[in-house]
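entry_3.txt, holding compact mmCIF, C-alpha atoms:
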```
# COMPACT_ATOMS: atom_id res chain seq x y z
CA MET A 1266 165.58 99.14 -95.03
CA GLU A 1267 164.70 95.52 -95.56
CA ILE A 1268 164.97 93.22 -92.55
CA GLU A 1269 164.84 89.50 -93.21
CA GLN A 1270 163.34 87.21 -90.58
CA THR A 1271 164.18 83.51 -90.47
CA ALA A 1272 162.75 80.92 -88.09
CA LEU A 1273 165.44 78.75 -86.54
CA PRO A 1274 163.70 75.54 -85.41
CA GLY A 1275 164.57 74.68 -81.83
CA ILE A 1276 166.51 77.93 -81.41
CA GLY A 1277 164.35 80.99 -82.08
CA LEU A 1278 164.39 83.76 -84.72
CA ARG A 1279 167.10 85.44 -86.75
CA HIS A 1280 166.71 88.99 -88.09
CA GLU A 1281 169.25 90.27 -90.61
CA PHE A 1282 169.88 93.34 -92.73
CA THR A 1283 172.60 94.70 -94.99
CA THR A 1284 174.14 98.10 -94.29
CA ARG A 1285 174.71 100.65 -97.03
CA SER A 1286 178.38 99.72 -97.00
CA GLY A 1287 177.43 96.10 -97.74
CA ARG A 1288 178.03 94.59 -94.27
CA ARG A 1289 175.55 91.95 -93.14
CA ILE A 1290 174.39 92.17 -89.51
CA GLY A 1291 172.01 89.89 -87.65
CA VAL A 1292 170.40 89.31 -84.30
CA VAL A 1293 169.48 85.82 -83.16
CA SER A 1294 166.74 85.82 -80.53
CA HIS A 1295 166.87 82.50 -78.72
CA ARG A 1296 163.77 80.94 -77.16
CA THR A 1297 165.63 81.13 -73.84
CA GLY A 1298 165.69 84.94 -74.09
CA ARG A 1299 169.37 85.25 -74.95
CA ARG A 1300 170.28 87.37 -77.95
CA ASP A 1301 173.32 87.10 -80.19
CA LEU A 1302 174.60 89.99 -82.28
CA VAL A 1303 176.13 88.50 -85.44
CA ILE A 1304 178.52 90.24 -87.84
CA TYR A 1305 178.96 88.34 -91.10
CA ASP A 1306 182.13 87.98 -93.14
CA PRO A 1307 182.13 90.63 -95.90
CA ASP A 1308 183.53 88.07 -98.36
CA ASP A 1309 181.11 85.27 -97.39
CA PRO A 1310 177.73 86.54 -96.15
CA ASP A 1311 176.82 83.04 -94.91
CA ARG A 1312 179.77 82.89 -92.49
CA ALA A 1313 179.74 84.74 -89.16
CA CYS A 1314 183.06 86.38 -88.47
CA GLU A 1315 181.97 87.64 -85.03
CA THR A 1316 179.19 86.66 -82.62
CA VAL A 1317 178.55 88.56 -79.40
CA LYS A 1318 176.29 86.86 -76.85
CA LEU A 1319 174.16 89.37 -74.93
CA ASN A 1320 172.24 88.85 -71.69
CA ASP A 1321 169.01 90.80 -71.09
CA GLU A 1322 170.76 93.76 -69.46
CA GLU A 1323 173.35 94.02 -72.24
CA ALA A 1324 170.70 93.75 -74.98
CA ASP A 1325 168.63 96.47 -73.27
CA ALA A 1326 171.70 98.73 -73.00
CA LEU A 1327 172.51 98.25 -76.68
CA ALA A 1328 168.89 98.92 -77.68
CA GLU A 1329 168.93 102.10 -75.59
CA LEU A 1330 172.18 103.27 -77.15
CA LEU A 1331 170.90 102.65 -80.66
CA GLY A 1332 167.21 103.49 -80.23
CA ALA A 1333 166.76 106.39 -77.83
CA PRO A 1334 168.96 108.90 -79.68
CA ARG A 1335 167.10 108.08 -82.91
CA VAL A 1336 163.70 108.80 -81.30
CA VAL A 1337 165.02 112.09 -79.90
CA GLN A 1338 166.54 113.00 -83.28
CA ARG A 1339 163.24 112.40 -85.07
CA LEU A 1340 161.36 114.51 -82.53
CA ASN A 1341 163.91 117.33 -82.83
CA ASP A 1342 163.58 117.25 -86.62
CA LEU A 1343 159.82 117.42 -86.29
CA HIS A 1344 160.02 120.39 -83.91
CA ARG A 1345 162.04 122.33 -86.47
CA GLU A 1346 159.44 121.58 -89.15
CA VAL A 1347 156.28 122.29 -87.13
CA GLU A 1348 156.03 125.54 -85.19
CA GLY A 1349 154.37 125.20 -81.79
CA LEU A 1350 155.04 121.48 -81.43
CA VAL A 1351 156.73 120.42 -78.20
CA SER A 1352 157.72 117.11 -76.66
CA GLU A 1353 158.34 116.31 -73.03
CA LYS A 1354 159.41 113.29 -71.01
CA LEU A 1355 156.91 113.02 -68.16
CA PRO A 1356 157.55 110.68 -65.22
CA ILE A 1357 155.10 108.20 -63.79
CA ALA A 1358 155.71 109.04 -60.16
CA GLU A 1359 154.82 107.10 -57.04
CA GLY A 1360 151.17 107.89 -56.36
CA SER A 1361 150.24 108.47 -60.00
CA PRO A 1362 146.69 107.20 -60.53
CA TYR A 1363 147.92 105.48 -63.72
CA ALA A 1364 150.83 103.51 -62.25
CA GLY A 1365 150.04 99.84 -62.81
CA ARG A 1366 147.22 100.64 -65.24
CA PRO A 1367 146.93 100.47 -69.02
CA MET A 1368 148.01 103.68 -70.71
CA GLY A 1369 144.64 103.91 -72.51
CA ASP A 1370 142.85 104.42 -69.18
CA ALA A 1371 144.26 107.98 -69.10
CA GLN A 1372 142.58 108.83 -72.45
CA VAL A 1373 145.36 111.33 -73.11
CA ARG A 1374 144.67 111.99 -76.78
CA THR A 1375 140.90 112.30 -76.26
CA ARG A 1376 141.27 114.62 -73.27
CA THR A 1377 144.17 116.79 -74.46
CA GLY A 1378 144.91 116.26 -78.16
CA ALA A 1379 148.52 115.31 -77.29
CA SER A 1380 150.01 111.93 -78.16
CA ILE A 1381 152.15 109.51 -76.21
CA VAL A 1382 154.81 108.48 -78.73
CA ALA A 1383 157.10 106.40 -76.50
CA VAL A 1384 157.68 105.11 -73.00
CA VAL A 1385 161.19 104.76 -71.58
CA ARG A 1386 161.52 102.06 -68.92
CA GLY A 1387 164.79 100.90 -67.40
CA GLY A 1388 166.85 101.95 -70.39
CA GLN A 1389 164.48 100.37 -72.93
CA VAL A 1390 162.40 102.50 -75.31
CA PHE A 1391 158.91 101.33 -76.24
CA THR A 1392 157.87 103.36 -79.29
CA SER A 1393 154.22 103.81 -80.23
CA PRO A 1394 152.89 101.96 -77.18
CA ALA A 1395 149.40 100.51 -77.56
CA PRO A 1396 146.55 101.55 -75.23
CA ASP A 1397 146.95 98.25 -73.31
CA PHE A 1398 150.61 99.07 -72.44
CA THR A 1399 150.76 99.06 -68.63
CA LEU A 1400 152.47 102.09 -67.11
CA ALA A 1401 154.80 101.62 -64.13
CA VAL A 1402 156.34 103.87 -61.50
CA GLY A 1403 159.61 105.20 -62.90
CA ASP A 1404 158.49 105.17 -66.54
CA LEU A 1405 159.19 108.27 -68.60
CA VAL A 1406 156.30 108.96 -70.96
CA VAL A 1407 157.30 110.87 -74.12
CA VAL A 1408 154.44 113.18 -75.10
CA VAL A 1409 154.11 115.32 -78.23
CA GLY A 1410 151.63 118.16 -78.71
CA SER A 1411 151.16 121.85 -78.07
CA ALA A 1412 152.64 123.33 -74.89
CA ASP A 1413 149.17 123.50 -73.31
CA SER A 1414 148.23 119.94 -74.23
CA VAL A 1415 151.53 118.53 -72.94
CA ASN A 1416 151.03 120.42 -69.67
CA ALA A 1417 147.54 118.93 -69.45
CA VAL A 1418 148.98 115.43 -69.89
CA ALA A 1419 151.46 116.08 -67.07
CA ASP A 1420 148.54 117.02 -64.83
CA ILE A 1421 146.54 113.93 -65.85
CA LEU A 1422 149.46 111.56 -65.20
CA ALA A 1423 150.13 113.15 -61.82
CA HIS A 1424 146.58 113.69 -60.56
CA GLY A 1425 144.12 111.87 -62.78
```
Encoded form (structure tokens):
Amino acid sequence: MEIEQTALPGIGLRHEFTTRSGRRIGVVSHRTGRRDLVIYDPDDPDRACETVKLNDEEADALAELLGAPRVVQRLNDLHREVEGLVSEKLPIAEGSPYAGRPMGDAQVRTRTGASIVAVVRGGQVFTSPAPDFTLAVGDLVVVVGSADSVNAVADILAHG
């Protein structure tokens, strides 16, 4: 899918795409942090027929509703294709030696062979987090690997 990005001087960025049915949808990310969901007129793709202003909490909720099920669906599809592959959501609990530290400090892939494919925080999904992504108490770390390697990651995140 092609997503067009347009700089809006003094405002922020606009991202737009066209659905298979031909509807044009956009998101305007204001410099202030506000986001607007824009639905364009099917007869005039330059005219917005509906604009919904979203605060941070609303934008996070919408992202969760649209994003999290898609990540889970992709993992479930992968499990069906690859025998022995498992995924788990592992919590970063109070007292974890990695709470407040970059994810890379745990060296999960090097130590276990498993991969951290996403982190869920406060309803927001961070897919493919980089090693400098800082883990926080309450995060759910989505790990993919063999049953043994995922169990080893759980032990590392809990005990170091």
Requested in this report: Take atom CA of Pro1394 of chain A and atom CA of Val1347 of chain A and report the distance between them in Å, one decimal.
Outcome: 22.9 Å
Requested in this report: Have a look at atom CA of Arg1312 of chain A and atom CA of Ala1328 of chain A and let me know their distance in Å, one decimal.
Outcome: 24.4 Å
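The neighbours of Arg1300 of chain A here are the residues that come within 10 Å of it, using all atoms listed in the file and leaving out any residue fewer than 4 positions away in the same chain; they are A:Gly1277, A:Leu1278, A:Arg1279, A:Val1292, A:Val1293, A:Ser1294, A:His1295, A:Arg1296, A:Val1317, A:Lys1318, A:Leu1319, A:Asn1320, A:Asp1321, A:Glu1323, A:Ala1324.
The nearest approach to Val1384 of chain A among the residues A:Ala1419, A:Val1407, A:Ala1272, A:Ile1357, with all atoms listed in the file taken into account, belongs to A:Val1407.
Pairwise distance (atom CA of Asp1420 of chain A, atom CA of Phe1398 of chain A) equals 19.6 Å.
Ranking A:Val1390, A:Leu1330, A:Ile1421, A:Val1382 by their shortest atom-to-atom distance to Val1408 of chain A, with all atoms listed in the file included, puts A:Val1382 first.
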Requested in this report: Find the residues around Asp1404 of chain A up to 6 Å (all atoms listed in the file counted), leave out those fewer than 6 positions away in its own chain, and share them as a PyMOL selection string.
Outcome: chain A and resi 1356-1357+1385-1386
Query raised in the report: What would the list of residues within 7 Å of (170.2, 97.9, -94.0) (file frame) look like as a ChimeraX atom specification, if only C-alpha atoms are what count?
Result: /A:1266-1267,1282-1285
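Here the question is which of A:Thr1297, A:Asp1325, A:Leu1331, A:Glu1359 gets nearest to Gly1403 of chain A using all atoms listed in the file, and that residue is A:Glu1359.
Excluding Ala1383 of chain A itself and any same-chain residue fewer than 2 positions from it, the protein and nucleic acid residues within 6 Å of it, counting only C-alpha atoms, are Ile1381, Phe1391, Thr1392, Ser1393 and Val1407 of chain A.
Candidate residues A:His1280, A:Ser1286, A:Gly1369, A:Gly1349 were compared for distance to Asp1301 of chain A, and the nearest is A:His1280, using all atoms listed in the file.
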Query raised in the report: List as an MDAnalysis selection string: which residues have an atom within 12 Å of (181.9, 87.6, -85.9), counting all atoms listed in the file?
Result: chainID A and resid 1288:1292 1301:1307 1309:1318
